[in-house]
Amino acid sequence: MHLPMTEITKNTAEGTDRRGFLTSATTLAMTVGLLASYGSCFAIGGRYLYPAHPGRRAWQYVADVARMSKGDQVVYRAPSGESIVVARQGVAGNIEDFIALSDTCPHLGCKVHWEDTKNRFFCPCHNGTFDAKGKGTGGPPGDASQELFAYDLKIEGNMLFINAPMERLI
Ligand code: FES
């Protein structure tokens with residue numbers, strides 16, 4: 001079967017245009033996808049390399065001051081998922097009475113708690129100890145000079161608030 005020469009030429013030109021368009025569109029889509037992947041990798045890598053990045057924080061209610069006596073502690077779960085122990089260490093009636101520290105031991109991640117009678121935070125997994133401000137003093141955390149991460153607190157009225165991390169970083 002013989003097609004007229006003009007029709008063959010016309011069909012070939014349309015096919016070339018369509019192939020060219022599809023090739024360009026595919027290349028563009030792959031380039032955008034690749035750049036998005038690299039961007040995500042850099043963002044995740046950056047957060048991994050710089051975990052101290054504060055992220056978004058907001059003041060959140062923890063407890064009524066009058067309901068916490070010296071030696072009491074509450075475990076506060078931040079919207080980011082971080083677990084924080086808030087302990088009352090004094091009786092002055094001001095913000096200096098309180099401290100908020102990550103309750104995750106920097107050694108292997110067990111949960112620490114406040115021991116008021118010994119004026120320390122304690123990790124039962126390997127007898128890790130921390131002073132009242134969260135500095136490692138004994139066991140593996142003491143040997144490695146590790147600390148518990150601290151969070152800011154404030155009192156408004158009779159209410160205790162924590163400047164809590166609002167988003168999970170990784
Ligand atoms: S996990 Fe806390 S001392 Fe080992």
# chains A, B, ... in the order shown; residues from 1 in each chain; ligands from 1
>>> residues_around(residues="stretch 121-124 of chain A", least_positions_apart="4", cutoff="12 Å", atoms="only C-alpha atoms", output="JSON, numbers by chain")
{"A": [71, 73, 85, 86, 87, 89, 99, 100, 101, 102, 103, 104, 105, 106, 107, 108, 109, 110, 111, 112, 113, 114, 115, 116, 117, 128, 129, 130, 131, 132, 133, 134, 135, 136, 137, 138, 139, 140, 141, 142, 147, 148]}
>>> residues_around(residues="A:Ala66", least_positions_apart="6", cutoff="9 Å", atoms="only C-alpha atoms", output="PyMOL selection string")
chain A and resi 93+158-159
>>> write_last_selection(atoms="C-alpha atoms", output="JSON list (two decimals), in the first residue's frame")
[["chain", "number", "residue", "atom", "x", "y", "z"],
["A", 93, "GLY", "CA", 7.66, 29.18, 95.75],
["A", 158, "ASN", "CA", -0.37, 29.43, 89.91],
["A", 159, "MET", "CA", 0.39, 27.49, 86.75]]
>>> residues_around(residues="A:Arg88", least_positions_apart="2", cutoff="6 Å", atoms="only C-alpha atoms", output="list in words")
Lys70, Gly71, Asp72, Gly90, Asp97 and Phe98 of chain A
>>> atom_distance(atom1="atom CA of A:Pro165", atom2="atom CA of A:Val91")
27.4 Å
>>> closest_residue(among="A:Ile155, A:Met68, A:Ser145, A:Phe161", to="ligand 1", atoms="only C-alpha atoms and all ligand atoms")
A:Ser145
>>> atom_distance(atom1="atom CA of A:Ala164", atom2="atom 4 (Fe, counted along the ligand's line) of ligand 1")
25.2 Å
>>> select_by_dssp(residues="stretch 40-148 of chain A", states="strand (DSSP E or B)", output="PyMOL selection string")
chain A and resi 57-64+73-77+83-88+98-102+104+111+113-115+120-123+128-130+135-138+147
>>> write_last_selection(atoms="N, CA and C atoms", output="compact mmCIF listing (two decimals), in the first residue's frame")
# COMPACT_ATOMS: atom_id res chain seq x y z
N ARG A 57 8.86 25.77 69.11
CA ARG A 57 8.52 25.56 70.51
C ARG A 57 7.35 26.43 70.90
N ALA A 58 6.67 26.05 71.94
CA ALA A 58 5.55 26.85 72.46
C ALA A 58 5.38 26.55 73.93
N TRP A 59 4.88 27.54 74.69
CA TRP A 59 4.64 27.36 76.11
C TRP A 59 3.41 26.50 76.30
N GLN A 60 3.58 25.46 77.09
CA GLN A 60 2.51 24.50 77.33
C GLN A 60 2.31 24.30 78.84
N TYR A 61 1.07 24.16 79.24
CA TYR A 61 0.75 23.94 80.65
C TYR A 61 1.30 22.59 81.12
N VAL A 62 1.87 22.56 82.33
CA VAL A 62 2.37 21.31 82.91
C VAL A 62 1.55 20.91 84.12
N ALA A 63 1.42 21.83 85.09
CA ALA A 63 0.73 21.48 86.35
C ALA A 63 0.44 22.75 87.14
N ASP A 64 -0.46 22.64 88.10
CA ASP A 64 -0.67 23.73 89.06
C ASP A 64 0.48 23.68 90.06
N GLN A 73 7.31 14.86 91.08
CA GLN A 73 7.72 14.96 89.68
C GLN A 73 6.57 14.51 88.79
N VAL A 74 6.52 15.10 87.62
CA VAL A 74 5.56 14.65 86.61
C VAL A 74 6.32 14.39 85.33
N VAL A 75 5.86 13.41 84.60
CA VAL A 75 6.45 13.15 83.28
C VAL A 75 5.55 13.82 82.26
N TYR A 76 6.13 14.80 81.57
CA TYR A 76 5.38 15.58 80.58
C TYR A 76 5.72 15.05 79.19
N ARG A 77 4.70 14.74 78.41
CA ARG A 77 4.92 14.27 77.04
C ARG A 77 4.68 15.45 76.09
N SER A 83 9.79 12.91 75.95
CA SER A 83 9.35 12.67 77.32
C SER A 83 10.26 13.47 78.26
N ILE A 84 9.64 14.29 79.11
CA ILE A 84 10.39 15.24 79.95
C ILE A 84 9.94 15.08 81.40
N VAL A 85 10.92 14.96 82.30
CA VAL A 85 10.57 14.88 83.72
C VAL A 85 10.66 16.29 84.30
N VAL A 86 9.57 16.71 84.95
CA VAL A 86 9.52 18.02 85.60
C VAL A 86 9.46 17.75 87.11
N ALA A 87 10.50 18.19 87.81
CA ALA A 87 10.60 17.90 89.25
C ALA A 87 10.61 19.19 90.05
N ARG A 88 10.02 19.11 91.25
CA ARG A 88 10.11 20.23 92.18
C ARG A 88 11.21 19.91 93.19
N PHE A 98 11.81 24.53 90.40
CA PHE A 98 11.48 23.51 89.41
C PHE A 98 12.60 23.32 88.39
N ILE A 99 12.62 22.11 87.83
CA ILE A 99 13.54 21.84 86.73
C ILE A 99 12.85 20.88 85.76
N ALA A 100 13.14 21.06 84.48
CA ALA A 100 12.57 20.18 83.46
C ALA A 100 13.72 19.63 82.62
N LEU A 101 13.85 18.31 82.63
CA LEU A 101 14.93 17.66 81.89
C LEU A 101 14.37 16.50 81.07
N SER A 102 15.02 16.22 79.96
CA SER A 102 14.67 15.02 79.22
C SER A 102 14.81 13.83 80.16
N THR A 104 15.17 10.84 79.13
CA THR A 104 15.83 9.78 78.36
C THR A 104 17.32 9.81 78.65
N LYS A 111 14.82 5.33 81.09
CA LYS A 111 14.13 6.48 81.69
C LYS A 111 14.72 6.82 83.06
N HIS A 113 14.65 9.20 86.66
CA HIS A 113 13.67 9.84 87.53
C HIS A 113 14.40 10.59 88.64
N TRP A 114 13.67 11.52 89.25
CA TRP A 114 14.22 12.36 90.31
C TRP A 114 14.15 11.62 91.64
N GLU A 115 15.26 11.62 92.37
CA GLU A 115 15.30 11.06 93.72
C GLU A 115 15.58 12.21 94.68
N ARG A 120 19.29 13.87 93.35
CA ARG A 120 19.87 13.45 92.08
C ARG A 120 18.80 12.85 91.16
N PHE A 121 19.14 12.79 89.90
CA PHE A 121 18.35 12.00 88.95
C PHE A 121 19.06 10.66 88.81
N PHE A 122 18.26 9.60 88.67
CA PHE A 122 18.83 8.26 88.66
C PHE A 122 18.31 7.46 87.46
N CYS A 123 19.22 6.73 86.84
CA CYS A 123 18.85 5.82 85.75
C CYS A 123 19.10 4.39 86.25
N GLY A 128 23.15 4.82 86.47
CA GLY A 128 23.60 6.15 86.06
C GLY A 128 23.05 7.21 87.00
N THR A 129 23.88 8.17 87.38
CA THR A 129 23.41 9.25 88.25
C THR A 129 23.72 10.61 87.62
N PHE A 130 22.85 11.57 87.97
CA PHE A 130 22.97 12.95 87.47
C PHE A 130 22.72 13.87 88.64
N LYS A 135 23.55 17.04 85.19
CA LYS A 135 24.91 16.71 84.74
C LYS A 135 25.28 15.31 85.25
N GLY A 136 25.81 14.46 84.36
CA GLY A 136 26.19 13.11 84.73
C GLY A 136 27.25 13.11 85.82
N THR A 137 26.99 12.31 86.88
CA THR A 137 27.94 12.27 88.00
C THR A 137 28.42 10.85 88.32
N GLY A 138 27.74 9.84 87.80
CA GLY A 138 28.14 8.47 88.12
C GLY A 138 27.64 7.49 87.08
N GLU A 147 24.93 14.72 79.80
CA GLU A 147 23.94 15.52 80.52
C GLU A 147 22.55 15.20 80.01
>>> atom_distance(atom1="atom CA of A:Gln146", atom2="atom CA of A:Glu82")
18.1 Å
>>> closest_residue(among="A:Leu160, A:Phe149, A:Arg168, A:Ala144", to="ligand 1", atoms="only C-alpha atoms and all ligand atoms")
A:Ala144
>>> closest_residue(among="A:Leu28, A:Leu22, A:Ala92, A:Cys125", to="ligand 1", atoms="only C-alpha atoms and all ligand atoms")
A:Cys125
>>> select_by_dssp(residues="stretch 78-155 of chain A", states="helix (DSSP H, G or I)", output="number ranges by chain")
A: 95-97, 116-118, 139-143
>>> write_last_selection(atoms="C-alpha atoms", output="mmCIF file, in the first residue's frame")
data_model
loop_
_atom_site.group_PDB
_atom_site.id
_atom_site.type_symbol
_atom_site.label_atom_id
_atom_site.label_comp_id
_atom_site.auth_asym_id
_atom_site.auth_seq_id
_atom_site.Cartn_x
_atom_site.Cartn_y
_atom_site.Cartn_z
ATOM 1 C CA ILE A 95 10.522 29.105 89.300
ATOM 2 C CA GLU A 96 13.880 28.171 90.862
ATOM 3 C CA ASP A 97 12.080 25.337 92.661
ATOM 4 C CA ASP A 116 14.654 13.929 96.090
ATOM 5 C CA THR A 117 16.196 12.310 99.181
ATOM 6 C CA LYS A 118 19.480 11.839 97.286
ATOM 7 C CA GLY A 139 27.847 5.299 86.102
ATOM 8 C CA PRO A 140 28.233 5.455 82.315
ATOM 9 C CA PRO A 141 26.756 8.999 81.993
ATOM 10 C CA GLY A 142 29.231 10.281 84.586
ATOM 11 C CA ASP A 143 32.164 8.533 82.906
#
>>> decode(residues="stretch 109-145 of chain A", atoms="N, CA and C atoms", output="mmCIF file, in the first residue's frame")
data_model
loop_
_atom_site.group_PDB
_atom_site.id
_atom_site.type_symbol
_atom_site.label_atom_id
_atom_site.label_comp_id
_atom_site.auth_asym_id
_atom_site.auth_seq_id
_atom_site.Cartn_x
_atom_site.Cartn_y
_atom_site.Cartn_z
ATOM 1 N N GLY A 109 19.393 5.225 76.694
ATOM 2 C CA GLY A 109 18.000 5.584 76.466
ATOM 3 C C GLY A 109 16.993 5.118 77.493
ATOM 4 N N CYS A 110 17.418 4.589 78.632
ATOM 5 C CA CYS A 110 16.447 4.231 79.675
ATOM 6 C C CYS A 110 15.848 5.504 80.287
ATOM 7 N N LYS A 111 14.820 5.334 81.094
ATOM 8 C CA LYS A 111 14.128 6.476 81.694
ATOM 9 C C LYS A 111 14.721 6.824 83.063
ATOM 10 N N VAL A 112 15.059 8.079 83.244
ATOM 11 C CA VAL A 112 15.597 8.536 84.525
ATOM 12 C C VAL A 112 14.456 9.133 85.350
ATOM 13 N N HIS A 113 14.653 9.197 86.658
ATOM 14 C CA HIS A 113 13.669 9.837 87.533
ATOM 15 C C HIS A 113 14.405 10.587 88.639
ATOM 16 N N TRP A 114 13.668 11.516 89.254
ATOM 17 C CA TRP A 114 14.217 12.362 90.307
ATOM 18 C C TRP A 114 14.153 11.618 91.636
ATOM 19 N N GLU A 115 15.262 11.618 92.371
ATOM 20 C CA GLU A 115 15.296 11.056 93.722
ATOM 21 C C GLU A 115 15.584 12.205 94.683
ATOM 22 N N ASP A 116 14.524 12.723 95.274
ATOM 23 C CA ASP A 116 14.654 13.929 96.090
ATOM 24 C C ASP A 116 15.542 13.710 97.316
ATOM 25 N N THR A 117 15.420 12.549 97.957
ATOM 26 C CA THR A 117 16.196 12.310 99.181
ATOM 27 C C THR A 117 17.694 12.239 98.892
ATOM 28 N N LYS A 118 18.065 11.903 97.651
ATOM 29 C CA LYS A 118 19.480 11.839 97.286
ATOM 30 C C LYS A 118 19.904 13.024 96.424
ATOM 31 N N ASN A 119 18.961 13.930 96.183
ATOM 32 C CA ASN A 119 19.225 15.141 95.410
ATOM 33 C C ASN A 119 19.880 14.817 94.063
ATOM 34 N N ARG A 120 19.288 13.871 93.351
ATOM 35 C CA ARG A 120 19.870 13.446 92.079
ATOM 36 C C ARG A 120 18.796 12.853 91.164
ATOM 37 N N PHE A 121 19.138 12.789 89.897
ATOM 38 C CA PHE A 121 18.348 12.001 88.954
ATOM 39 C C PHE A 121 19.056 10.655 88.814
ATOM 40 N N PHE A 122 18.258 9.603 88.667
ATOM 41 C CA PHE A 122 18.826 8.257 88.658
ATOM 42 C C PHE A 122 18.313 7.464 87.461
ATOM 43 N N CYS A 123 19.216 6.731 86.837
ATOM 44 C CA CYS A 123 18.853 5.816 85.751
ATOM 45 C C CYS A 123 19.098 4.393 86.248
ATOM 46 N N PRO A 124 18.040 3.587 86.370
ATOM 47 C CA PRO A 124 18.189 2.262 86.970
ATOM 48 C C PRO A 124 18.878 1.239 86.066
ATOM 49 N N CYS A 125 18.991 1.516 84.777
ATOM 50 C CA CYS A 125 19.527 0.475 83.879
ATOM 51 C C CYS A 125 20.978 0.113 84.203
ATOM 52 N N HIS A 126 21.819 1.135 84.406
ATOM 53 C CA HIS A 126 23.238 0.860 84.704
ATOM 54 C C HIS A 126 23.707 1.743 85.850
ATOM 55 N N ASN A 127 22.768 2.059 86.752
ATOM 56 C CA ASN A 127 23.093 2.907 87.912
ATOM 57 C C ASN A 127 23.703 4.245 87.508
ATOM 58 N N GLY A 128 23.151 4.823 86.472
ATOM 59 C CA GLY A 128 23.604 6.150 86.062
ATOM 60 C C GLY A 128 23.046 7.213 87.001
ATOM 61 N N THR A 129 23.881 8.173 87.384
ATOM 62 C CA THR A 129 23.412 9.253 88.252
ATOM 63 C C THR A 129 23.719 10.608 87.623
ATOM 64 N N PHE A 130 22.855 11.570 87.969
ATOM 65 C CA PHE A 130 22.973 12.946 87.473
ATOM 66 C C PHE A 130 22.716 13.872 88.642
ATOM 67 N N ASP A 131 23.378 15.010 88.663
ATOM 68 C CA ASP A 131 23.116 15.954 89.747
ATOM 69 C C ASP A 131 21.763 16.641 89.540
ATOM 70 N N ALA A 132 21.437 17.558 90.417
ATOM 71 C CA ALA A 132 20.118 18.191 90.389
ATOM 72 C C ALA A 132 19.871 19.003 89.126
ATOM 73 N N LYS A 133 20.942 19.365 88.407
ATOM 74 C CA LYS A 133 20.791 20.124 87.163
ATOM 75 C C LYS A 133 20.887 19.238 85.921
ATOM 76 N N GLY A 134 21.107 17.925 86.131
ATOM 77 C CA GLY A 134 21.126 16.990 85.007
ATOM 78 C C GLY A 134 22.495 16.633 84.474
ATOM 79 N N LYS A 135 23.547 17.035 85.188
ATOM 80 C CA LYS A 135 24.911 16.708 84.745
ATOM 81 C C LYS A 135 25.281 15.313 85.252
ATOM 82 N N GLY A 136 25.808 14.459 84.362
ATOM 83 C CA GLY A 136 26.192 13.109 84.735
ATOM 84 C C GLY A 136 27.248 13.109 85.823
ATOM 85 N N THR A 137 26.993 12.310 86.884
ATOM 86 C CA THR A 137 27.943 12.267 88.003
ATOM 87 C C THR A 137 28.422 10.855 88.319
ATOM 88 N N GLY A 138 27.743 9.839 87.801
ATOM 89 C CA GLY A 138 28.135 8.475 88.120
ATOM 90 C C GLY A 138 27.637 7.492 87.079
ATOM 91 N N GLY A 139 28.229 6.296 87.102
ATOM 92 C CA GLY A 139 27.847 5.299 86.102
ATOM 93 C C GLY A 139 28.302 5.751 84.721
ATOM 94 N N PRO A 140 27.807 5.093 83.677
ATOM 95 C CA PRO A 140 28.233 5.455 82.315
ATOM 96 C C PRO A 140 28.032 6.931 81.955
ATOM 97 N N PRO A 141 26.904 7.567 82.350
ATOM 98 C CA PRO A 141 26.756 8.999 81.993
ATOM 99 C C PRO A 141 27.813 9.880 82.668
ATOM 100 N N GLY A 142 28.185 9.521 83.900
ATOM 101 C CA GLY A 142 29.231 10.281 84.586
ATOM 102 C C GLY A 142 30.582 10.083 83.923
ATOM 103 N N ASP A 143 30.884 8.829 83.562
ATOM 104 C CA ASP A 143 32.164 8.533 82.906
ATOM 105 C C ASP A 143 32.304 9.279 81.574
ATOM 106 N N ALA A 144 31.176 9.427 80.884
ATOM 107 C CA ALA A 144 31.211 10.061 79.561
ATOM 108 C C ALA A 144 30.873 11.549 79.614
ATOM 109 N N SER A 145 30.741 12.114 80.817
ATOM 110 C CA SER A 145 30.387 13.528 80.982
ATOM 111 C C SER A 145 29.120 13.892 80.198
#
